[in-house]
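**Student:** Here you go, start21.pdb (PDB, C-alpha atoms, pLDDT in the B column):
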```
ATOM      1  CA  MET A   1     -93.455 -91.770 -44.859  1.00 44.00           C
ATOM      2  CA  ALA A   2     -92.293 -88.399 -46.077  1.00 46.00           C
ATOM      3  CA  TYR A   3     -93.512 -84.845 -45.946  1.00 42.00           C
ATOM      4  CA  ASN A   4     -94.333 -83.209 -49.266  1.00 42.00           C
ATOM      5  CA  ASP A   5     -93.811 -79.498 -49.885  1.00 46.00           C
ATOM      6  CA  ASP A   6     -97.415 -78.944 -48.805  1.00 44.00           C
ATOM      7  CA  THR A   7     -96.524 -80.639 -45.449  1.00 44.00           C
ATOM      8  CA  SER A   8     -98.889 -83.552 -46.057  1.00 41.00           C
ATOM      9  CA  LEU A   9     -97.621 -87.077 -45.494  1.00 42.00           C
ATOM     10  CA  SER A  10     -97.133 -89.472 -48.365  1.00 44.00           C
ATOM     11  CA  THR A  11     -95.691 -92.949 -48.678  1.00 46.00           C
ATOM     12  CA  ILE A  12     -92.417 -93.284 -50.519  1.00 48.00           C
ATOM     13  CA  GLU A  13     -93.124 -95.964 -53.084  1.00 47.00           C
ATOM     14  CA  THR A  14     -89.630 -96.895 -54.242  1.00 59.00           C
ATOM     15  CA  PHE A  15     -86.454 -97.735 -52.434  1.00 58.00           C
ATOM     16  CA  ASP A  16     -83.387 -98.792 -54.362  1.00 64.00           C
ATOM     17  CA  PRO A  17     -80.631-100.059 -52.053  1.00 63.00           C
ATOM     18  CA  ASN A  18     -78.225 -99.856 -55.005  1.00 67.00           C
ATOM     19  CA  ASP A  19     -78.797 -96.134 -55.536  1.00 67.00           C
ATOM     20  CA  PRO A  20     -75.316 -94.565 -55.490  1.00 62.00           C
ATOM     21  CA  ASN A  21     -76.789 -91.569 -53.629  1.00 68.00           C
ATOM     22  CA  THR A  22     -77.754 -93.728 -50.639  1.00 76.00           C
ATOM     23  CA  LEU A  23     -75.498 -94.098 -47.611  1.00 78.00           C
ATOM     24  CA  PHE A  24     -76.069 -96.887 -45.077  1.00 77.00           C
ATOM     25  CA  GLN A  25     -75.220 -97.391 -41.434  1.00 76.00           C
ATOM     26  CA  GLU A  26     -73.985-100.969 -41.406  1.00 73.00           C
ATOM     27  CA  SER A  27     -72.432-103.239 -38.829  1.00 71.00           C
ATOM     28  CA  LYS A  28     -71.179-106.661 -39.897  1.00 72.00           C
ATOM     29  CA  ASP A  29     -73.292-106.441 -43.090  1.00 79.00           C
ATOM     30  CA  ILE A  30     -76.459-105.625 -41.115  1.00 83.00           C
ATOM     31  CA  LYS A  31     -78.082-102.441 -42.407  1.00 86.00           C
ATOM     32  CA  ARG A  32     -79.448-100.309 -39.573  1.00 87.00           C
ATOM     33  CA  GLY A  33     -80.479 -97.173 -41.464  1.00 89.00           C
ATOM     34  CA  SER A  34     -79.894 -95.103 -44.566  1.00 88.00           C
ATOM     35  CA  ILE A  35     -80.068 -91.625 -46.007  1.00 87.00           C
ATOM     36  CA  SER A  36     -80.782 -90.969 -49.662  1.00 85.00           C
ATOM     37  CA  ALA A  37     -79.803 -87.523 -50.857  1.00 79.00           C
ATOM     38  CA  SER A  38     -81.653 -85.815 -53.676  1.00 75.00           C
ATOM     39  CA  PRO A  39     -82.302 -82.247 -54.827  1.00 73.00           C
ATOM     40  CA  SER A  40     -85.938 -82.581 -53.736  1.00 76.00           C
ATOM     41  CA  GLY A  41     -84.950 -83.579 -50.210  1.00 80.00           C
ATOM     42  CA  ASP A  42     -83.229 -86.270 -48.221  1.00 84.00           C
ATOM     43  CA  VAL A  43     -84.964 -89.417 -47.029  1.00 87.00           C
ATOM     44  CA  ILE A  44     -83.835 -91.125 -43.834  1.00 89.00           C
ATOM     45  CA  ARG A  45     -84.851 -94.738 -43.332  1.00 89.00           C
ATOM     46  CA  LEU A  46     -84.587 -96.704 -40.091  1.00 90.00           C
ATOM     47  CA  PHE A  47     -84.533-100.469 -40.560  1.00 90.00           C
ATOM     48  CA  LYS A  48     -85.520-103.275 -38.219  1.00 90.00           C
ATOM     49  CA  ALA A  49     -81.934-103.588 -36.905  1.00 89.00           C
ATOM     50  CA  LYS A  50     -81.816 -99.908 -35.875  1.00 90.00           C
ATOM     51  CA  ASN A  51     -80.310 -98.973 -32.526  1.00 90.00           C
ATOM     52  CA  LEU A  52     -79.794 -95.830 -30.473  1.00 88.00           C
ATOM     53  CA  SER A  53     -77.044 -94.543 -32.744  1.00 91.00           C
ATOM     54  CA  THR A  54     -78.876 -95.036 -36.059  1.00 92.00           C
ATOM     55  CA  LEU A  55     -80.818 -91.781 -36.209  1.00 93.00           C
ATOM     56  CA  LEU A  56     -77.818 -89.837 -34.898  1.00 94.00           C
ATOM     57  CA  HIS A  57     -75.678 -91.431 -37.624  1.00 94.00           C
ATOM     58  CA  GLU A  58     -78.109 -90.562 -40.426  1.00 93.00           C
ATOM     59  CA  LEU A  59     -78.678 -87.031 -39.128  1.00 94.00           C
ATOM     60  CA  SER A  60     -74.900 -86.546 -39.038  1.00 95.00           C
ATOM     61  CA  HIS A  61     -74.832 -87.236 -42.778  1.00 93.00           C
ATOM     62  CA  ARG A  62     -77.453 -84.507 -43.163  1.00 93.00           C
ATOM     63  CA  TRP A  63     -75.315 -82.195 -40.989  1.00 94.00           C
ATOM     64  CA  LEU A  64     -72.376 -82.597 -43.393  1.00 95.00           C
ATOM     65  CA  PHE A  65     -74.630 -81.914 -46.405  1.00 92.00           C
ATOM     66  CA  GLU A  66     -75.971 -78.813 -44.670  1.00 93.00           C
ATOM     67  CA  MET A  67     -72.479 -77.595 -43.770  1.00 95.00           C
ATOM     68  CA  GLN A  68     -71.472 -77.891 -47.427  1.00 95.00           C
ATOM     69  CA  ASP A  69     -74.582 -76.029 -48.580  1.00 93.00           C
ATOM     70  CA  ASP A  70     -74.129 -73.274 -45.997  1.00 96.00           C
ATOM     71  CA  ALA A  71     -70.452 -72.727 -46.833  1.00 96.00           C
ATOM     72  CA  SER A  72     -71.220 -72.463 -50.562  1.00 95.00           C
ATOM     73  CA  MET A  73     -73.546 -69.488 -50.095  1.00 96.00           C
ATOM     74  CA  PRO A  74     -71.979 -66.174 -51.191  1.00 95.00           C
ATOM     75  CA  GLU A  75     -72.964 -64.491 -47.917  1.00 96.00           C
ATOM     76  CA  ALA A  76     -71.643 -67.340 -45.747  1.00 97.00           C
ATOM     77  CA  PRO A  77     -69.593 -66.100 -42.794  1.00 97.00           C
ATOM     78  CA  GLN A  78     -65.895 -66.917 -42.977  1.00 97.00           C
ATOM     79  CA  GLN A  79     -66.205 -69.061 -39.832  1.00 97.00           C
ATOM     80  CA  ILE A  80     -68.579 -71.449 -41.610  1.00 97.00           C
ATOM     81  CA  LYS A  81     -66.193 -71.699 -44.560  1.00 97.00           C
ATOM     82  CA  ASP A  82     -63.294 -72.303 -42.179  1.00 97.00           C
ATOM     83  CA  ASP A  83     -65.277 -74.980 -40.320  1.00 97.00           C
ATOM     84  CA  LEU A  84     -65.929 -76.794 -43.589  1.00 97.00           C
ATOM     85  CA  THR A  85     -62.259 -76.553 -44.572  1.00 97.00           C
ATOM     86  CA  ALA A  86     -61.241 -78.049 -41.210  1.00 98.00           C
ATOM     87  CA  THR A  87     -63.870 -80.787 -41.575  1.00 97.00           C
ATOM     88  CA  LEU A  88     -62.664 -81.708 -45.059  1.00 97.00           C
ATOM     89  CA  LYS A  89     -59.087 -81.867 -43.767  1.00 98.00           C
ATOM     90  CA  TYR A  90     -60.212 -84.166 -40.928  1.00 97.00           C
ATOM     91  CA  LEU A  91     -61.919 -86.391 -43.519  1.00 97.00           C
ATOM     92  CA  GLY A  92     -58.763 -86.491 -45.647  1.00 97.00           C
ATOM     93  CA  LEU A  93     -60.327 -84.521 -48.484  1.00 97.00           C
ATOM     94  CA  GLU A  94     -59.129 -81.464 -50.360  1.00 96.00           C
ATOM     95  CA  SER A  95     -62.461 -80.248 -51.740  1.00 95.00           C
ATOM     96  CA  VAL A  96     -66.220 -80.481 -51.263  1.00 94.00           C
ATOM     97  CA  GLU A  97     -66.452 -82.220 -54.626  1.00 95.00           C
ATOM     98  CA  GLN A  98     -64.442 -85.165 -53.282  1.00 95.00           C
ATOM     99  CA  ALA A  99     -67.159 -85.739 -50.639  1.00 94.00           C
ATOM    100  CA  ASP A 100     -70.027 -85.685 -53.156  1.00 91.00           C
ATOM    101  CA  ILE A 101     -71.018 -89.324 -53.700  1.00 87.00           C
ATOM    102  CA  ALA A 102     -73.315 -88.344 -56.579  1.00 86.00           C
ATOM    103  CA  ARG A 103     -70.351 -87.095 -58.649  1.00 90.00           C
ATOM    104  CA  PHE A 104     -68.788 -90.527 -58.981  1.00 91.00           C
ATOM    105  CA  GLU A 105     -69.869 -93.826 -60.451  1.00 91.00           C
ATOM    106  CA  LYS A 106     -70.527 -96.485 -57.845  1.00 89.00           C
ATOM    107  CA  GLY A 107     -67.644 -98.948 -57.711  1.00 91.00           C
ATOM    108  CA  THR A 108     -64.937 -96.405 -58.522  1.00 94.00           C
ATOM    109  CA  LYS A 109     -62.179 -95.499 -56.067  1.00 96.00           C
ATOM    110  CA  GLU A 110     -63.463 -91.903 -56.029  1.00 96.00           C
ATOM    111  CA  HIS A 111     -66.951 -93.059 -55.013  1.00 93.00           C
ATOM    112  CA  ALA A 112     -65.485 -95.348 -52.333  1.00 94.00           C
ATOM    113  CA  ARG A 113     -63.391 -92.446 -50.999  1.00 96.00           C
ATOM    114  CA  ALA A 114     -66.441 -90.156 -50.872  1.00 95.00           C
ATOM    115  CA  VAL A 115     -68.507 -92.817 -49.085  1.00 93.00           C
ATOM    116  CA  ALA A 116     -65.681 -93.465 -46.593  1.00 95.00           C
ATOM    117  CA  ALA A 117     -65.412 -89.743 -45.825  1.00 96.00           C
ATOM    118  CA  ASN A 118     -69.173 -89.409 -45.346  1.00 94.00           C
ATOM    119  CA  GLU A 119     -69.221 -92.463 -43.079  1.00 94.00           C
ATOM    120  CA  LYS A 120     -66.297 -91.149 -41.023  1.00 97.00           C
ATOM    121  CA  PHE A 121     -68.191 -87.901 -40.440  1.00 97.00           C
ATOM    122  CA  ALA A 122     -71.396 -89.772 -39.504  1.00 95.00           C
ATOM    123  CA  GLN A 123     -69.536 -92.074 -37.115  1.00 95.00           C
ATOM    124  CA  THR A 124     -67.885 -89.041 -35.551  1.00 96.00           C
ATOM    125  CA  GLY A 125     -71.354 -87.489 -35.156  1.00 95.00           C
ATOM    126  CA  GLU A 126     -72.565 -90.591 -33.340  1.00 93.00           C
ATOM    127  CA  VAL A 127     -69.718 -90.309 -30.837  1.00 94.00           C
ATOM    128  CA  TYR A 128     -70.223 -86.548 -30.441  1.00 94.00           C
ATOM    129  CA  PHE A 129     -73.957 -86.820 -29.719  1.00 92.00           C
ATOM    130  CA  MET A 130     -73.855 -89.945 -27.566  1.00 89.00           C
TER     131      MET A 130
END
```
Represent the structure from my file as structure tokens, please.
**Tutor:**
Amino acid sequence: MAYNDDTSLSTIETFDPNDPNTLFQESKDIKRGSISASPSGDVIRLFKAKNLSTLLHELSHRWLFEMQDDASMPEAPQQIKDDLTATLKYLGLESVEQADIARFEKGTKEHARAVAANEKFAQTGEVYFM
């Protein structure tokens, strides 16, 4: 289920697990949850194998997306920009673009690096919140 702009609920008809804009929480090839990022809004899915950390993991992905959006605003306080710079350094990245999974073709080393960075942040979020 998803909320539309008019705040009514609607069923999401399609789910493509091969969408390069989808990140999964996996453990030993068992998918627990996912987040699909799109300009119209992100969709978080919790699968049958979900556990306590799944929602925290997926929301941590959203937190990183939000941090990037906030820091890109012209009126963003310097502290937010500095926080993003420190986060990118922690993730082993030099720019926001390197974290953007949508910029790279799935299967490339750049896409794998972006996914790994996003997963590291989400796993760190799990630890932080638990």
**Student:** When distances are computed from only C-alpha atoms, which of A:Ala116, A:Val96, A:Ala102, A:Leu55 shows the smallest separation from Val43 in chain A?
**Tutor:**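 Between A:Ala116, A:Val96, A:Ala102, A:Leu55, the residue approaching Val43 in chain A most closely is A:Leu55.
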**Student:** Grab the CA of Ala49 in chain A to CA of Arg113 in chain A distance for me, in Å with one decimal place.
**Tutor:** 25.8 Å
**Student:** Under the rule that only C-alpha atoms are counted, which of A:Glu119, A:Glu58, A:Asp82, A:Glu94 is the nearest residue to Asp42 in chain A?
**Tutor:**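 Nearest to Asp42 in chain A: A:Glu58.
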**Student:** Any idea what's packed within 12 Å of Thr87 in chain A, counting only C-alpha atoms, ignoring anything in its chain fewer than 2 positions away? Could you give it as a ChimeraX atom specification?
**Tutor:** /A:63-65,67-68,71,80-85,89-96,99,117-118,120-122,124-125
**Student:** Suppose you want the space between CA of Phe24 in chain A and CA of Gln98 in chain A; what is it in Å?
**Tutor:**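 Between CA of Phe24 in chain A and CA of Gln98 in chain A the gap is 18.4 Å.
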**Student:** Calculated over all atoms listed in the file, which of the candidates A:Tyr128, A:Gln123, A:Leu56, A:Arg45 has the smallest distance to Ser27 in chain A?
**Tutor:**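 For Ser27 in chain A, the nearest of the given residues is A:Gln123.
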**Student:** For Phe129 in chain A, which residue out of A:Ile30, A:Ala76, A:Ala114, A:Leu59 is the nearest one, using all atoms listed in the file?
**Tutor:**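 With all atoms listed in the file as the atom set, the closest residue is A:Leu59.
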**Student:** List the residues selected by the PyMOL selection byres ((chain A and resi 44) around 12) in the file shown, writing them as a ChimeraX atom specification.
**Tutor:** /A:1-3,12,15,22-25,32-38,41-43,45-47,54-62
**Student:** Using Å and a single decimal, report how far CA of Lys31 in chain A sits from CA of Lys48 in chain A.
**Tutor:**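 Atom-to-atom, CA of Lys48 in chain A and CA of Lys31 in chain A are spaced 8.6 Å apart.
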**Student:** Would you mind exporting range 92-108 of chain A with all heavy atoms, as a PDB file, in the first residue's frame?
**Tutor:**
```pdb
ATOM      1  N   GLY A  92      33.502   6.079   2.412  1.00  0.00           N
ATOM      2  CA  GLY A  92      34.574   5.885   1.436  1.00  0.00           C
ATOM      3  C   GLY A  92      34.289   6.530   0.097  1.00  0.00           C
ATOM      4  O   GLY A  92      34.820   6.111  -0.932  1.00  0.00           O
ATOM      5  N   LEU A  93      33.455   7.558   0.106  1.00  0.00           N
ATOM      6  CA  LEU A  93      33.074   8.245  -1.124  1.00  0.00           C
ATOM      7  C   LEU A  93      33.607   9.675  -1.124  1.00  0.00           C
ATOM      8  O   LEU A  93      33.796  10.274  -0.073  1.00  0.00           O
ATOM      9  CB  LEU A  93      31.550   8.262  -1.280  1.00  0.00           C
ATOM     10  CG  LEU A  93      30.856   6.904  -1.259  1.00  0.00           C
ATOM     11  CD1 LEU A  93      29.346   7.088  -1.302  1.00  0.00           C
ATOM     12  CD2 LEU A  93      31.334   6.035  -2.409  1.00  0.00           C
ATOM     13  N   GLU A  94      33.778  10.204  -2.317  1.00  0.00           N
ATOM     14  CA  GLU A  94      34.274  11.574  -2.457  1.00  0.00           C
ATOM     15  C   GLU A  94      33.178  12.553  -2.855  1.00  0.00           C
ATOM     16  O   GLU A  94      33.368  13.766  -2.754  1.00  0.00           O
ATOM     17  CB  GLU A  94      35.397  11.608  -3.492  1.00  0.00           C
ATOM     18  CG  GLU A  94      36.603  10.784  -3.058  1.00  0.00           C
ATOM     19  CD  GLU A  94      37.634  10.630  -4.158  1.00  0.00           C
ATOM     20  OE1 GLU A  94      37.501  11.288  -5.216  1.00  0.00           O
ATOM     21  OE2 GLU A  94      38.567   9.842  -3.962  1.00  0.00           O
ATOM     22  N   SER A  95      32.049  12.044  -3.329  1.00  0.00           N
ATOM     23  CA  SER A  95      30.971  12.937  -3.766  1.00  0.00           C
ATOM     24  C   SER A  95      29.614  12.257  -3.594  1.00  0.00           C
ATOM     25  O   SER A  95      29.521  11.027  -3.518  1.00  0.00           O
ATOM     26  CB  SER A  95      31.155  13.317  -5.237  1.00  0.00           C
ATOM     27  OG  SER A  95      30.932  12.195  -6.071  1.00  0.00           O
ATOM     28  N   VAL A  96      28.577  13.069  -3.563  1.00  0.00           N
ATOM     29  CA  VAL A  96      27.203  12.573  -3.483  1.00  0.00           C
ATOM     30  C   VAL A  96      26.886  11.716  -4.705  1.00  0.00           C
ATOM     31  O   VAL A  96      26.204  10.701  -4.600  1.00  0.00           O
ATOM     32  CB  VAL A  96      26.213  13.756  -3.376  1.00  0.00           C
ATOM     33  CG1 VAL A  96      24.780  13.297  -3.513  1.00  0.00           C
ATOM     34  CG2 VAL A  96      26.414  14.502  -2.079  1.00  0.00           C
ATOM     35  N   GLU A  97      27.401  12.110  -5.849  1.00  0.00           N
ATOM     36  CA  GLU A  97      27.135  11.371  -7.081  1.00  0.00           C
ATOM     37  C   GLU A  97      27.583   9.913  -6.979  1.00  0.00           C
ATOM     38  O   GLU A  97      26.949   9.028  -7.539  1.00  0.00           O
ATOM     39  CB  GLU A  97      27.823  12.051  -8.276  1.00  0.00           C
ATOM     40  CG  GLU A  97      27.231  13.408  -8.647  1.00  0.00           C
ATOM     41  CD  GLU A  97      27.657  14.542  -7.714  1.00  0.00           C
ATOM     42  OE1 GLU A  97      28.692  14.412  -7.021  1.00  0.00           O
ATOM     43  OE2 GLU A  97      26.940  15.551  -7.668  1.00  0.00           O
ATOM     44  N   GLN A  98      28.662   9.656  -6.265  1.00  0.00           N
ATOM     45  CA  GLN A  98      29.157   8.286  -6.126  1.00  0.00           C
ATOM     46  C   GLN A  98      28.205   7.412  -5.308  1.00  0.00           C
ATOM     47  O   GLN A  98      28.268   6.185  -5.400  1.00  0.00           O
ATOM     48  CB  GLN A  98      30.538   8.270  -5.473  1.00  0.00           C
ATOM     49  CG  GLN A  98      31.627   8.814  -6.375  1.00  0.00           C
ATOM     50  CD  GLN A  98      32.975   8.826  -5.681  1.00  0.00           C
ATOM     51  OE1 GLN A  98      33.082   9.115  -4.489  1.00  0.00           O
ATOM     52  NE2 GLN A  98      34.017   8.493  -6.435  1.00  0.00           N
ATOM     53  N   ALA A  99      27.322   8.015  -4.525  1.00  0.00           N
ATOM     54  CA  ALA A  99      26.356   7.268  -3.714  1.00  0.00           C
ATOM     55  C   ALA A  99      25.037   7.047  -4.441  1.00  0.00           C
ATOM     56  O   ALA A  99      24.193   6.286  -3.983  1.00  0.00           O
ATOM     57  CB  ALA A  99      26.090   8.001  -2.406  1.00  0.00           C
ATOM     58  N   ASP A 100      24.859   7.690  -5.583  1.00  0.00           N
ATOM     59  CA  ASP A 100      23.584   7.665  -6.307  1.00  0.00           C
ATOM     60  C   ASP A 100      23.494   6.422  -7.186  1.00  0.00           C
ATOM     61  O   ASP A 100      24.043   6.379  -8.285  1.00  0.00           O
ATOM     62  CB  ASP A 100      23.453   8.927  -7.149  1.00  0.00           C
ATOM     63  CG  ASP A 100      22.115   9.043  -7.842  1.00  0.00           C
ATOM     64  OD1 ASP A 100      21.284   8.126  -7.726  1.00  0.00           O
ATOM     65  OD2 ASP A 100      21.905  10.077  -8.511  1.00  0.00           O
ATOM     66  N   ILE A 101      22.770   5.405  -6.707  1.00  0.00           N
ATOM     67  CA  ILE A 101      22.694   4.139  -7.445  1.00  0.00           C
ATOM     68  C   ILE A 101      22.032   4.305  -8.812  1.00  0.00           C
ATOM     69  O   ILE A 101      22.303   3.534  -9.724  1.00  0.00           O
ATOM     70  CB  ILE A 101      21.980   3.038  -6.634  1.00  0.00           C
ATOM     71  CG1 ILE A 101      20.546   3.419  -6.315  1.00  0.00           C
ATOM     72  CG2 ILE A 101      22.764   2.684  -5.390  1.00  0.00           C
ATOM     73  CD1 ILE A 101      19.720   2.313  -5.707  1.00  0.00           C
ATOM     74  N   ALA A 102      21.184   5.317  -8.965  1.00  0.00           N
ATOM     75  CA  ALA A 102      20.485   5.516 -10.229  1.00  0.00           C
ATOM     76  C   ALA A 102      21.414   6.043 -11.332  1.00  0.00           C
ATOM     77  O   ALA A 102      21.088   5.936 -12.513  1.00  0.00           O
ATOM     78  CB  ALA A 102      19.323   6.478 -10.035  1.00  0.00           C
ATOM     79  N   ARG A 103      22.556   6.564 -10.970  1.00  0.00           N
ATOM     80  CA  ARG A 103      23.496   7.117 -11.960  1.00  0.00           C
ATOM     81  C   ARG A 103      24.249   6.043 -12.728  1.00  0.00           C
ATOM     82  O   ARG A 103      24.830   6.326 -13.771  1.00  0.00           O
ATOM     83  CB  ARG A 103      24.522   8.020 -11.277  1.00  0.00           C
ATOM     84  CG  ARG A 103      23.978   9.288 -10.711  1.00  0.00           C
ATOM     85  CD  ARG A 103      25.088  10.084 -10.022  1.00  0.00           C
ATOM     86  NE  ARG A 103      26.178  10.405 -10.905  1.00  0.00           N
ATOM     87  CZ  ARG A 103      26.268  11.505 -11.644  1.00  0.00           C
ATOM     88  NH1 ARG A 103      25.289  12.383 -11.611  1.00  0.00           N
ATOM     89  NH2 ARG A 103      27.317  11.726 -12.411  1.00  0.00           N
ATOM     90  N   PHE A 104      24.278   4.842 -12.196  1.00  0.00           N
ATOM     91  CA  PHE A 104      25.145   3.804 -12.754  1.00  0.00           C
ATOM     92  C   PHE A 104      24.354   2.592 -13.207  1.00  0.00           C
ATOM     93  O   PHE A 104      23.348   2.228 -12.601  1.00  0.00           O
ATOM     94  CB  PHE A 104      26.183   3.374 -11.708  1.00  0.00           C
ATOM     95  CG  PHE A 104      26.938   4.525 -11.111  1.00  0.00           C
ATOM     96  CD1 PHE A 104      26.722   4.906  -9.804  1.00  0.00           C
ATOM     97  CD2 PHE A 104      27.847   5.241 -11.873  1.00  0.00           C
ATOM     98  CE1 PHE A 104      27.411   5.974  -9.241  1.00  0.00           C
ATOM     99  CE2 PHE A 104      28.534   6.315 -11.329  1.00  0.00           C
ATOM    100  CZ  PHE A 104      28.319   6.678 -10.016  1.00  0.00           C
ATOM    101  N   GLU A 105      24.827   1.969 -14.248  1.00  0.00           N
ATOM    102  CA  GLU A 105      24.193   0.755 -14.757  1.00  0.00           C
ATOM    103  C   GLU A 105      24.439  -0.390 -13.789  1.00  0.00           C
ATOM    104  O   GLU A 105      25.559  -0.587 -13.300  1.00  0.00           O
ATOM    105  CB  GLU A 105      24.764   0.413 -16.134  1.00  0.00           C
ATOM    106  CG  GLU A 105      24.067  -0.743 -16.801  1.00  0.00           C
ATOM    107  CD  GLU A 105      24.593  -0.996 -18.203  1.00  0.00           C
ATOM    108  OE1 GLU A 105      25.095  -0.060 -18.838  1.00  0.00           O
ATOM    109  OE2 GLU A 105      24.497  -2.155 -18.639  1.00  0.00           O
ATOM    110  N   LYS A 106      23.385  -1.138 -13.514  1.00  0.00           N
ATOM    111  CA  LYS A 106      23.496  -2.285 -12.620  1.00  0.00           C
ATOM    112  C   LYS A 106      24.534  -3.252 -13.191  1.00  0.00           C
ATOM    113  O   LYS A 106      24.563  -3.511 -14.388  1.00  0.00           O
ATOM    114  CB  LYS A 106      22.139  -2.968 -12.472  1.00  0.00           C
ATOM    115  CG  LYS A 106      22.087  -3.974 -11.357  1.00  0.00           C
ATOM    116  CD  LYS A 106      20.676  -4.467 -11.128  1.00  0.00           C
ATOM    117  CE  LYS A 106      20.657  -5.415  -9.959  1.00  0.00           C
ATOM    118  NZ  LYS A 106      19.311  -5.862  -9.644  1.00  0.00           N
ATOM    119  N   GLY A 107      25.381  -3.771 -12.325  1.00  0.00           N
ATOM    120  CA  GLY A 107      26.425  -4.694 -12.752  1.00  0.00           C
ATOM    121  C   GLY A 107      27.787  -4.037 -12.934  1.00  0.00           C
ATOM    122  O   GLY A 107      28.787  -4.727 -13.066  1.00  0.00           O
ATOM    123  N   THR A 108      27.824  -2.708 -12.926  1.00  0.00           N
ATOM    124  CA  THR A 108      29.104  -2.014 -13.051  1.00  0.00           C
ATOM    125  C   THR A 108      29.755  -1.861 -11.676  1.00  0.00           C
ATOM    126  O   THR A 108      29.072  -1.940 -10.646  1.00  0.00           O
ATOM    127  CB  THR A 108      28.940  -0.616 -13.672  1.00  0.00           C
ATOM    128  OG1 THR A 108      28.129   0.187 -12.788  1.00  0.00           O
ATOM    129  CG2 THR A 108      28.286  -0.696 -15.044  1.00  0.00           C
TER     130      THR A 108
END
```
